[in-house]
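Notes follow once the structure below has been shown.
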Amino acid sequence: MTDNYLYGGMIRLHILHHANDAPVYGLGIMDELRHHGYEMSSGTLYPLLHGLEKKGYLSSYYQPTGHRDRRMYEITIEGRQALIEAKIKVKELFGELIDGT
């Protein structure tokens, strides 16, 4: 089993990718990441979300849900630009890792 250390950047890209489609929240993105094979605790995920927010790639707001407010994260303009640039780098890396080019 590989730990999440090597996957940290990929997890951040997954978060930005999904936030680019629609705002995300902790438990929802945790379930989505689990679908992709990333098992992590909230103690690992929330620092990633807060780090992306601190970096300016996400912004957050609270949405009432009935029992308590849910913190929602949405991508910023800076986050969209970072995602675009990261996609270019991922394609380049994919070519080296998979195709050997």
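The chains in the structure tokens are called A, B, ... from first to last as shown; in each chain the residues are counted from 1, and the ligands are counted from 1 in the order shown.
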Would you write out, as JSON lines, a table of all residues in range 28-54 of chain A that have an atom no more than 10 Å from an atom of range 62-75 of chain A, listing for each the closest atom pair and the distance in Å to one decimal, considering only C-alpha atoms and ordering rows by chain and rising residue number?
```
{"residue": "A:Gly28", "atom": "CA", "partner": "A:Met72", "partner_atom": "CA", "distance": 10.0}
{"residue": "A:Leu49", "atom": "CA", "partner": "A:Tyr73", "partner_atom": "CA", "distance": 8.0}
{"residue": "A:His50", "atom": "CA", "partner": "A:Tyr73", "partner_atom": "CA", "distance": 9.5}
{"residue": "A:Leu52", "atom": "CA", "partner": "A:Ile75", "partner_atom": "CA", "distance": 9.3}
{"residue": "A:Glu53", "atom": "CA", "partner": "A:Tyr73", "partner_atom": "CA", "distance": 8.2}
```
Please provide as a VMD selection string all residues within 8 Å of range 9-14 of chain A, with the sequence filter that same-chain residues fewer than 2 positions apart are discarded (counting only C-alpha atoms).
chain A and resid 6 to 7 16 to 18 33 38 48 52 83 86
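The strand (DSSP E) portion of chain A consists of Val24, Tyr25, Leu58, Ser59, Ser60, Tyr61, Tyr62, Gln63, Pro64, Asp69, Arg70, Arg71, Met72, Tyr73, Glu74 and Ile75 of chain A, with states taken from DSSP on the backbone.
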Save out the residues we just selected, N, CA, C and O atoms, as a PDB file, in the first residue's frame.
```
ATOM      1  N   VAL A  24     -17.500  22.448  -3.667  1.00  0.00           N
ATOM      2  CA  VAL A  24     -17.340  21.171  -2.979  1.00  0.00           C
ATOM      3  C   VAL A  24     -17.345  21.408  -1.474  1.00  0.00           C
ATOM      4  O   VAL A  24     -17.152  22.527  -1.010  1.00  0.00           O
ATOM      5  N   TYR A  25     -17.566  20.325  -0.730  1.00  0.00           N
ATOM      6  CA  TYR A  25     -17.468  20.385   0.729  1.00  0.00           C
ATOM      7  C   TYR A  25     -16.702  19.147   1.184  1.00  0.00           C
ATOM      8  O   TYR A  25     -16.541  18.178   0.426  1.00  0.00           O
ATOM      9  N   LEU A  58      -8.850  28.412  -3.676  1.00  0.00           N
ATOM     10  CA  LEU A  58     -10.241  28.192  -3.278  1.00  0.00           C
ATOM     11  C   LEU A  58     -10.675  29.326  -2.371  1.00  0.00           C
ATOM     12  O   LEU A  58      -9.852  29.935  -1.690  1.00  0.00           O
ATOM     13  N   SER A  59     -11.963  29.583  -2.358  1.00  0.00           N
ATOM     14  CA  SER A  59     -12.557  30.460  -1.349  1.00  0.00           C
ATOM     15  C   SER A  59     -13.686  29.660  -0.716  1.00  0.00           C
ATOM     16  O   SER A  59     -14.170  28.685  -1.288  1.00  0.00           O
ATOM     17  N   SER A  60     -14.079  30.053   0.483  1.00  0.00           N
ATOM     18  CA  SER A  60     -15.114  29.272   1.168  1.00  0.00           C
ATOM     19  C   SER A  60     -16.218  30.173   1.700  1.00  0.00           C
ATOM     20  O   SER A  60     -16.028  31.382   1.886  1.00  0.00           O
ATOM     21  N   TYR A  61     -17.349  29.555   1.909  1.00  0.00           N
ATOM     22  CA  TYR A  61     -18.504  30.217   2.518  1.00  0.00           C
ATOM     23  C   TYR A  61     -19.309  29.144   3.231  1.00  0.00           C
ATOM     24  O   TYR A  61     -19.122  27.943   2.993  1.00  0.00           O
ATOM     25  N   TYR A  62     -20.180  29.567   4.126  1.00  0.00           N
ATOM     26  CA  TYR A  62     -20.994  28.613   4.872  1.00  0.00           C
ATOM     27  C   TYR A  62     -22.395  28.558   4.289  1.00  0.00           C
ATOM     28  O   TYR A  62     -23.000  29.576   4.004  1.00  0.00           O
ATOM     29  N   GLN A  63     -22.879  27.327   4.116  1.00  0.00           N
ATOM     30  CA  GLN A  63     -24.211  27.082   3.568  1.00  0.00           C
ATOM     31  C   GLN A  63     -25.043  26.378   4.644  1.00  0.00           C
ATOM     32  O   GLN A  63     -24.642  25.330   5.153  1.00  0.00           O
ATOM     33  N   PRO A  64     -26.206  26.932   4.998  1.00  0.00           N
ATOM     34  CA  PRO A  64     -27.060  26.262   5.989  1.00  0.00           C
ATOM     35  C   PRO A  64     -27.553  24.912   5.464  1.00  0.00           C
ATOM     36  O   PRO A  64     -27.906  24.778   4.294  1.00  0.00           O
ATOM     37  N   ASP A  69     -24.169  24.587   9.698  1.00  0.00           N
ATOM     38  CA  ASP A  69     -23.716  25.113   8.417  1.00  0.00           C
ATOM     39  C   ASP A  69     -22.613  24.233   7.833  1.00  0.00           C
ATOM     40  O   ASP A  69     -21.781  23.687   8.555  1.00  0.00           O
ATOM     41  N   ARG A  70     -22.633  24.098   6.517  1.00  0.00           N
ATOM     42  CA  ARG A  70     -21.619  23.319   5.799  1.00  0.00           C
ATOM     43  C   ARG A  70     -20.675  24.309   5.121  1.00  0.00           C
ATOM     44  O   ARG A  70     -21.105  25.242   4.446  1.00  0.00           O
ATOM     45  N   ARG A  71     -19.380  24.098   5.301  1.00  0.00           N
ATOM     46  CA  ARG A  71     -18.398  24.960   4.653  1.00  0.00           C
ATOM     47  C   ARG A  71     -18.195  24.484   3.229  1.00  0.00           C
ATOM     48  O   ARG A  71     -17.762  23.362   2.984  1.00  0.00           O
ATOM     49  N   MET A  72     -18.505  25.349   2.299  1.00  0.00           N
ATOM     50  CA  MET A  72     -18.395  25.053   0.870  1.00  0.00           C
ATOM     51  C   MET A  72     -17.145  25.749   0.327  1.00  0.00           C
ATOM     52  O   MET A  72     -16.815  26.862   0.742  1.00  0.00           O
ATOM     53  N   TYR A  73     -16.488  25.075  -0.602  1.00  0.00           N
ATOM     54  CA  TYR A  73     -15.284  25.620  -1.226  1.00  0.00           C
ATOM     55  C   TYR A  73     -15.536  25.758  -2.721  1.00  0.00           C
ATOM     56  O   TYR A  73     -16.002  24.829  -3.359  1.00  0.00           O
ATOM     57  N   GLU A  74     -15.199  26.939  -3.250  1.00  0.00           N
ATOM     58  CA  GLU A  74     -15.327  27.137  -4.685  1.00  0.00           C
ATOM     59  C   GLU A  74     -13.998  27.638  -5.239  1.00  0.00           C
ATOM     60  O   GLU A  74     -13.219  28.286  -4.543  1.00  0.00           O
ATOM     61  N   ILE A  75     -13.774  27.308  -6.491  1.00  0.00           N
ATOM     62  CA  ILE A  75     -12.509  27.668  -7.122  1.00  0.00           C
ATOM     63  C   ILE A  75     -12.491  29.170  -7.403  1.00  0.00           C
ATOM     64  O   ILE A  75     -13.526  29.779  -7.686  1.00  0.00           O
TER      65      ILE A  75
END
```
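A straight line drawn from CA of Gly8 in chain A to CA of Asp99 in chain A is 23.2 Å long.
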Separation of CA of Leu45 in chain A from CA of Val90 in chain A, in Å and rounded to one decimal:
21.7 Å
Contacts of Ile77 in chain A at 9 Å (only C-alpha atoms; same-chain gap of 2+ positions) as a count of residues only
8
Out of chain A, which residues get alpha helix (DSSP H) from DSSP, as JSON, numbers by chain?
{"A": [8, 9, 10, 11, 12, 13, 14, 15, 16, 17, 18, 19, 20, 21, 26, 27, 28, 29, 30, 31, 32, 33, 34, 35, 42, 43, 44, 45, 46, 47, 48, 49, 50, 51, 52, 53, 54, 77, 78, 79, 80, 81, 82, 83, 84, 85, 86, 87, 88, 89, 90, 91, 92, 93, 94]}
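All residues of protein, DNA or RNA that reach within 10 Å of range 39-43 of chain A, judged by only C-alpha atoms and not counting those fewer than 4 positions away in the chain, are A:Asp3, A:Asn4, A:Gly26, A:Leu27, A:Met30, A:Asp31, A:Leu33, A:Arg34, A:His35, A:Pro47, A:Leu48.
Counting from CA of Gly51 in chain A, the distance to CA of Gly95 in chain A is 28.7 Å.
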